[in-house]
Each structure stands twice: as C-alpha cells, then as structure tokens.
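Here is the file my_file_6.tsv (TSV, C-alpha atoms).
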```tsv
chain	number	residue	atom	x	y	z
F	1	MET	CA	-1.56	43.78	-14.07
F	2	SER	CA	0.88	41.20	-15.41
F	3	CYS	CA	3.27	39.21	-13.31
F	4	LYS	CA	6.55	38.10	-14.82
F	5	LEU	CA	8.98	35.71	-13.17
F	6	SER	CA	12.62	36.48	-13.84
F	7	PRO	CA	15.33	33.79	-13.79
F	8	HIS	CA	16.70	35.33	-10.60
F	9	THR	CA	13.32	34.99	-8.91
F	10	LEU	CA	13.01	31.34	-9.91
F	11	ASN	CA	16.57	30.71	-8.74
F	12	ALA	CA	15.90	32.26	-5.34
F	13	THR	CA	12.57	30.43	-4.99
F	14	LEU	CA	13.43	26.94	-6.17
F	15	TYR	CA	17.17	26.36	-6.21
F	16	LEU	CA	18.45	28.39	-3.25
F	17	PRO	CA	16.45	26.65	-0.47
F	18	VAL	CA	17.55	23.26	-1.79
F	19	SER	CA	21.21	24.22	-2.19
F	20	LEU	CA	21.36	25.64	1.33
F	21	ARG	CA	20.27	22.27	2.70
F	22	THR	CA	22.68	20.25	0.59
F	23	THR	CA	25.72	18.92	2.42
F	24	LYS	CA	28.78	17.24	1.02
F	25	HIS	CA	30.88	14.63	2.80
F	26	LYS	CA	34.19	13.01	2.04
F	27	HIS	CA	33.90	9.25	2.41
F	28	SER	CA	36.71	6.77	2.89
F	29	HIS	CA	36.55	3.00	2.85
F	30	ASP	CA	38.29	2.46	6.18
F	31	GLU	CA	35.92	4.85	8.00
F	32	MET	CA	32.73	3.44	6.53
F	33	THR	CA	30.01	2.17	8.87
F	34	SER	CA	26.59	0.66	8.23
F	35	VAL	CA	25.06	4.09	8.91
F	36	TRP	CA	25.23	4.47	5.12
F	37	LEU	CA	22.14	2.23	5.05
F	38	LEU	CA	19.89	4.72	6.83
F	39	PRO	CA	18.74	6.72	3.76
F	40	VAL	CA	17.94	3.45	1.98
F	41	VAL	CA	15.87	1.98	4.83
F	42	THR	CA	13.26	4.71	4.39
F	43	LEU	CA	12.12	3.18	1.09
F	44	ILE	CA	11.76	-0.25	2.68
F	45	VAL	CA	9.84	1.09	5.68
F	46	ALA	CA	7.45	2.98	3.38
F	47	SER	CA	6.84	-0.19	1.36
F	48	SER	CA	5.72	-2.07	4.48
F	49	ALA	CA	3.24	0.74	5.17
F	50	GLY	CA	1.90	0.20	1.66
F	51	GLY	CA	1.26	-3.45	2.42
F	52	VAL	CA	-0.79	-2.54	5.48
F	53	LEU	CA	-2.62	0.31	3.72
F	54	SER	CA	-3.69	-1.88	0.81
F	55	LEU	CA	-5.60	-4.18	3.17
F	56	ALA	CA	-7.59	-1.20	4.45
F	57	LEU	CA	-8.27	0.10	0.92
F	58	HIS	CA	-9.38	-3.20	-0.60
F	59	PRO	CA	-13.01	-3.19	0.70
F	60	TYR	CA	-13.53	0.26	-0.85
F	61	SER	CA	-11.48	0.15	-4.06
F	62	VAL	CA	-9.72	-2.86	-5.56
F	63	THR	CA	-7.89	-0.60	-8.02
F	64	SER	CA	-6.52	1.63	-5.26
F	65	ALA	CA	-5.42	-1.41	-3.23
F	66	LEU	CA	-3.58	-2.98	-6.17
F	67	THR	CA	-2.00	0.36	-7.11
F	68	THR	CA	-0.75	0.76	-3.54
F	69	LEU	CA	0.71	-2.75	-3.67
F	70	ALA	CA	2.43	-1.95	-6.96
F	71	PHE	CA	4.10	1.10	-5.41
F	72	ALA	CA	5.05	-1.01	-2.36
F	73	VAL	CA	6.71	-3.62	-4.58
F	74	PHE	CA	8.57	-0.86	-6.43
F	75	MET	CA	9.87	0.73	-3.22
F	76	VAL	CA	10.96	-2.50	-1.55
F	77	SER	CA	12.70	-3.61	-4.76
F	78	VAL	CA	14.68	-0.39	-5.12
F	79	GLY	CA	15.44	-0.14	-1.40
F	80	LEU	CA	16.56	-3.75	-1.13
F	81	ALA	CA	18.75	-3.50	-4.24
F	82	LEU	CA	20.51	-0.42	-2.87
F	83	ALA	CA	20.85	-2.05	0.56
F	84	PHE	CA	22.57	-5.09	-0.97
F	85	MET	CA	25.00	-2.80	-2.82
F	86	ILE	CA	25.91	-0.92	0.37
F	87	LEU	CA	26.16	-4.12	2.42
F	88	THR	CA	28.57	-5.56	-0.14
F	89	ILE	CA	30.86	-2.55	0.36
F	90	TYR	CA	30.43	-2.78	4.14
F	91	PHE	CA	31.31	-6.49	4.16
F	92	HIS	CA	34.43	-5.70	2.13
F	93	ARG	CA	35.32	-3.02	4.67
F	94	LEU	CA	34.99	-5.54	7.53
F	95	LEU	CA	37.32	-7.95	5.72
F	96	LEU	CA	40.02	-5.33	5.11
F	97	HIS	CA	39.80	-3.08	8.16
F	98	GLY	CA	37.96	-5.07	10.82
F	99	PHE	CA	35.09	-3.91	13.01
F	100	PRO	CA	34.34	-0.20	13.53
F	101	PRO	CA	36.17	1.13	16.61
F	102	CYS	CA	34.75	1.96	20.03
F	103	VAL	CA	31.15	3.24	20.10
F	104	ASN	CA	30.81	2.92	16.31
F	105	ILE	CA	30.54	-0.84	16.81
F	106	VAL	CA	26.90	-0.27	17.81
F	107	SER	CA	26.17	0.52	14.15
F	108	SER	CA	26.92	-3.12	13.34
F	109	PHE	CA	23.31	-3.91	14.22
F	110	ILE	CA	21.90	-1.59	11.53
F	111	PRO	CA	22.08	-4.22	8.70
F	112	LEU	CA	19.35	-6.13	10.53
F	113	GLY	CA	17.00	-3.24	9.73
F	114	PRO	CA	16.75	-3.45	5.92
F	115	MET	CA	16.82	-7.26	5.97
F	116	GLY	CA	14.13	-7.65	8.61
F	117	GLN	CA	11.93	-4.80	7.38
F	118	ALA	CA	12.18	-5.90	3.74
F	119	GLY	CA	11.23	-9.45	4.69
F	120	PHE	CA	8.29	-8.13	6.69
F	121	SER	CA	7.19	-5.95	3.77
F	122	ILE	CA	7.47	-8.76	1.21
F	123	LEU	CA	5.48	-11.09	3.44
F	124	LEU	CA	2.73	-8.48	3.81
F	125	ILE	CA	2.66	-8.01	0.04
F	126	GLY	CA	2.38	-11.77	-0.48
F	127	GLN	CA	-0.48	-12.06	2.01
F	128	SER	CA	-2.30	-9.17	0.34
F	129	MET	CA	-1.89	-10.63	-3.15
F	130	LYS	CA	-3.19	-13.96	-1.91
F	131	GLU	CA	-6.30	-12.24	-0.59
F	132	PHE	CA	-6.85	-9.84	-3.53
F	133	LEU	CA	-6.37	-12.23	-6.45
F	134	PRO	CA	-8.00	-13.23	-8.70
F	135	VAL	CA	-9.68	-9.97	-9.68
F	136	THR	CA	-13.15	-10.66	-11.06
F	137	GLY	CA	-13.71	-9.31	-14.55
F	138	SER	CA	-10.09	-8.36	-15.16
F	139	SER	CA	-8.72	-8.77	-18.69
F	140	SER	CA	-5.17	-9.25	-17.38
F	141	PRO	CA	-3.99	-12.90	-17.38
F	142	PHE	CA	-1.91	-12.16	-14.29
F	143	LEU	CA	-4.71	-10.62	-12.23
F	144	SER	CA	-7.45	-13.01	-13.37
F	145	SER	CA	-5.57	-16.26	-12.80
F	146	THR	CA	-6.76	-18.31	-9.85
F	147	GLN	CA	-3.21	-19.49	-9.11
F	148	THR	CA	-1.37	-16.14	-9.17
F	149	GLY	CA	-2.14	-15.23	-5.57
F	150	GLU	CA	-0.95	-18.56	-4.20
F	151	ILE	CA	2.24	-18.45	-6.32
F	152	VAL	CA	3.09	-14.89	-5.25
F	153	PHE	CA	2.45	-15.79	-1.60
F	154	ALA	CA	4.72	-18.84	-1.82
F	155	ILE	CA	7.50	-16.77	-3.41
F	156	SER	CA	7.12	-14.09	-0.75
F	157	VAL	CA	7.45	-16.65	2.06
F	158	CYS	CA	10.66	-18.02	0.49
F	159	ALA	CA	12.06	-14.51	-0.04
F	160	SER	CA	11.22	-13.52	3.53
F	161	TYR	CA	12.95	-16.60	4.92
F	162	PHE	CA	16.02	-15.78	2.79
F	163	LEU	CA	16.12	-12.25	4.21
F	164	TRP	CA	15.55	-13.59	7.73
F	165	ALA	CA	18.59	-15.86	7.29
F	166	LEU	CA	20.70	-12.90	6.14
F	167	ALA	CA	19.50	-10.83	9.10
F	168	THR	CA	20.52	-13.66	11.44
F	169	MET	CA	23.98	-13.71	9.84
F	170	TRP	CA	24.41	-9.96	10.39
F	171	LEU	CA	23.21	-10.37	13.97
F	172	GLY	CA	26.00	-12.88	14.51
F	173	TYR	CA	28.56	-10.47	13.06
F	174	ALA	CA	27.24	-7.66	15.28
F	175	LEU	CA	27.47	-9.77	18.43
F	176	LEU	CA	31.00	-10.87	17.51
F	177	GLY	CA	31.94	-7.23	16.96
F	178	MET	CA	30.53	-6.20	20.35
F	179	GLN	CA	32.43	-9.02	22.04
F	180	HIS	CA	35.61	-8.10	20.17
F	181	THR	CA	35.35	-4.44	21.23
F	182	LEU	CA	34.32	-5.06	24.85
F	183	ARG	CA	37.34	-7.29	25.40
F	184	ARG	CA	39.62	-4.36	24.52
F	185	THR	CA	37.82	-1.25	25.76
F	186	ARG	CA	34.65	0.07	27.33
F	187	ILE	CA	31.85	1.37	25.12
F	188	PRO	CA	30.48	4.68	26.44
F	189	PHE	CA	26.72	5.05	26.45
F	190	LYS	CA	25.81	7.63	23.81
F	191	LEU	CA	22.98	8.56	21.49
F	192	SER	CA	24.25	6.09	18.89
F	193	PHE	CA	22.81	3.23	20.98
F	194	TRP	CA	19.41	4.07	19.44
F	195	GLY	CA	20.74	2.24	16.36
F	196	MET	CA	20.19	-1.07	18.16
F	197	ILE	CA	16.43	-0.60	18.60
F	198	PHE	CA	14.87	-0.45	15.14
F	199	PRO	CA	17.01	-3.20	13.52
F	200	ASN	CA	16.35	-5.72	16.28
F	201	VAL	CA	12.64	-4.90	16.39
F	202	SER	CA	12.40	-5.31	12.59
F	203	CYS	CA	14.08	-8.70	12.72
F	204	THR	CA	11.86	-9.84	15.60
F	205	ARG	CA	8.70	-8.70	13.82
F	206	LEU	CA	9.71	-10.62	10.69
F	207	SER	CA	10.35	-13.72	12.80
F	208	TYR	CA	6.91	-13.41	14.40
F	209	LEU	CA	5.04	-12.86	11.12
F	210	ALA	CA	6.93	-15.66	9.36
F	211	GLY	CA	6.17	-17.93	12.31
F	212	LEU	CA	2.46	-17.30	11.78
F	213	ASP	CA	2.91	-18.55	8.20
F	214	ASP	CA	4.25	-21.91	9.40
F	215	VAL	CA	7.96	-21.16	9.02
F	216	THR	CA	8.84	-23.33	12.01
F	217	ILE	CA	12.37	-22.09	12.64
F	218	CYS	CA	11.14	-18.47	12.76
F	219	ARG	CA	8.40	-19.43	15.24
F	220	VAL	CA	10.94	-21.15	17.48
F	221	CYS	CA	13.31	-18.18	17.40
F	222	THR	CA	10.50	-15.77	18.26
F	223	GLN	CA	9.37	-17.86	21.24
F	224	THR	CA	12.89	-18.17	22.59
```
What does this structure look like when you write it as structure tokens?
Amino acid sequence: MSCKLSPHTLNATLYLPVSLRTTKHKHSHDEMTSVWLLPVVTLIVASSAGGVLSLALHPYSVTSALTTLAFAVFMVSVGLALAFMILTIYFHRLLLHGFPPCVNIVSSFIPLGPMGQAGFSILLIGQSMKEFLPVTGSSSPFLSSTQTGEIVFAISVCASYFLWALATMWLGYALLGMQHTLRRTRIPFKLSFWGMIFPNVSCTRLSYLAGLDDVTICRVCTQT
C-alpha cells in the first residue's frame, strides 16, 4: 500500500500551524519601548547556558565542550549585535519623544538585561577558554597555543567591563525616567513590573562575577 503526500496535505501539516501562530504588528517610532529587546535576549541567555554546560562536558569530551563554546560565542555575538541595533533606535526615540509614558516607564530597565547577561556570558566563555586551552595534540595553531586561553580571557574581561559600563548607563537613564514620571503622575502596579527583575539581576550577577576576576569597581558596586 503506497502513501502519497499531496501539496494540500503538506500545506495543512507544515504551513498552516505556523501561519495561525504568526501575528503582525504596526510599529511606530514614538510608541517604541525597550520591550523590542525581549526576543533578542533569548539568544544571549542561551549563550550563557552554553558557557556553564561546557564546563560540565569538558571532563568527558573536550570536543563537545569546545563545540558548545563555539555555539555560545555564535549566539552571544548575534544577540548582542541585534541588541545594539535595537538600543540605537530606542536611544533615538528617547531623544525625540522622551521617556515612555506612565507604566511603560518600567520597561526602561529592560536594556540592563542584554548588557548584563551578555557580559556574564562572555566572562564565562573567557573563563572556560582559559581552562580548556591549549588542547593537547591539536593541529590547530589557535587551539594548541599556550597563550590563546590567557588572551581570550583578558579580552573577555575587557568586553565584560565595557558591557557593565553600558548597563550602568542604562540604569541611570531608567532611574531618571522613573523620577521624571513619578513627579508628574502615579505609576499603577501592574504585571509589567516583572520587567524590572531579570535586567537588574543580570546586571548584579555580572558585577559579582567580574568582581571575582579582580575588576575592583564591579566588586565595590556589588558589595554596596
């Protein structure tokens, strides 16, 4: 008994479920908020999980650990690049139209998320590369060099501090926006207040991890 798939069957099986879940929105510059960053943050969060997972894989398979790190670097690079693009548009929106009104001002804390989480992920990747390299018996000049791990770790510390500084800048903008809004109206407590949790935790975790790597200013900020 033969089974043939018609184009209509494939359409109903593959395309229809996806199309039913697809939504379209009309975006305008003056109504933009930093909520646009949320789809991008998922890549950065997944990359930090890769940094942790590689440490657990290394005792069992060096190849699997390095492959996981490569995927983590890819995800944090793409996520951070997209986050910078969106933040550029958001900064332009703040210059032209001011802070988001009323309860939307809570979303001003969201930019701390990709900055803090990306810095945390990059620092984990640098620590892992410092521990994994050099790879014994590798024919790659990059993986077999005795200095590669230290160089990558040093670059990751500098990049993490750069992202920590940007996160601190966005924290200042968010606090100014809250002060600006509270002086004019009350902010009702709604579900959108959850947007303050993850970004602030990400920034604090980056400060703590960077403080462990002798970035003095990060250690001081974490303790205070």
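The smallest atom-to-atom distance between F:Ala165 and any of F:Pro39, F:Gly119, F:Pro59, F:Gly149, using all atoms listed in the file, is found for F:Gly119.
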Counting only C-alpha atoms, which residues of stretch 21-78 of chain F sit at most 12 Å from some atom of stretch 134-139 of chain F, and what is each one's closest atom pair with its distance in Å to one decimal, listed by chain and rising residue number, as a Markdown table?
```
| residue | atom | partner | partner_atom | distance |
| --- | --- | --- | --- | --- |
| F:His58 | CA | F:Val135 | CA | 11.3 |
| F:Ser61 | CA | F:Val135 | CA | 11.7 |
| F:Val62 | CA | F:Val135 | CA | 8.2 |
| F:Thr63 | CA | F:Val135 | CA | 9.7 |
| F:Ala65 | CA | F:Val135 | CA | 11.5 |
| F:Leu66 | CA | F:Val135 | CA | 9.9 |
```
Selected residue, from F:Tyr161, F:Phe198, F:Phe91, F:Phe99, that lies nearest to F:Leu112 when counting only C-alpha atoms: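 Closest to F:Leu112, using only C-alpha atoms: F:Phe198.
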At a cut-off of 10 Å, using all atoms listed in the file, what residues contact F:Leu38? Leave out same-chain residues fewer than 3 positions from it and give the result as an NGL selection string. :F and (34-35 or 41-43 or 83 or 110-111 or 113-114 or 195)
Would you write out those residues with C-alpha atoms, as a JSON list (two decimals), in the frame of the given file?
```json
[["chain", "number", "residue", "atom", "x", "y", "z"],
["F", 34, "SER", "CA", 26.59, 0.66, 8.23],
["F", 35, "VAL", "CA", 25.06, 4.09, 8.91],
["F", 41, "VAL", "CA", 15.87, 1.98, 4.83],
["F", 42, "THR", "CA", 13.26, 4.71, 4.39],
["F", 43, "LEU", "CA", 12.12, 3.18, 1.09],
["F", 83, "ALA", "CA", 20.85, -2.05, 0.56],
["F", 110, "ILE", "CA", 21.90, -1.59, 11.53],
["F", 111, "PRO", "CA", 22.08, -4.22, 8.70],
["F", 113, "GLY", "CA", 17.00, -3.24, 9.73],
["F", 114, "PRO", "CA", 16.75, -3.45, 5.92],
["F", 195, "GLY", "CA", 20.74, 2.24, 16.36]]
```
Atom CA of F:Leu171 to atom CA of F:Ala46 measures 23.2 Å
If we count all atoms listed in the file, what is near F:Phe162 at a cut-off of 12 Å, once residues fewer than 2 positions away on the same chain are taken out, given as a PyMOL selection string? chain F and resi 115-116+118-120+122-123+155-160+164-169+206-207+210+215+218
As a check of understanding: the span from atom CA of F:Gly51 to atom CA of F:Trp36 is 25.4 Å
Students should find that atom CA of F:Asn104 and atom CA of F:Tyr208 are spaced 29.0 Å
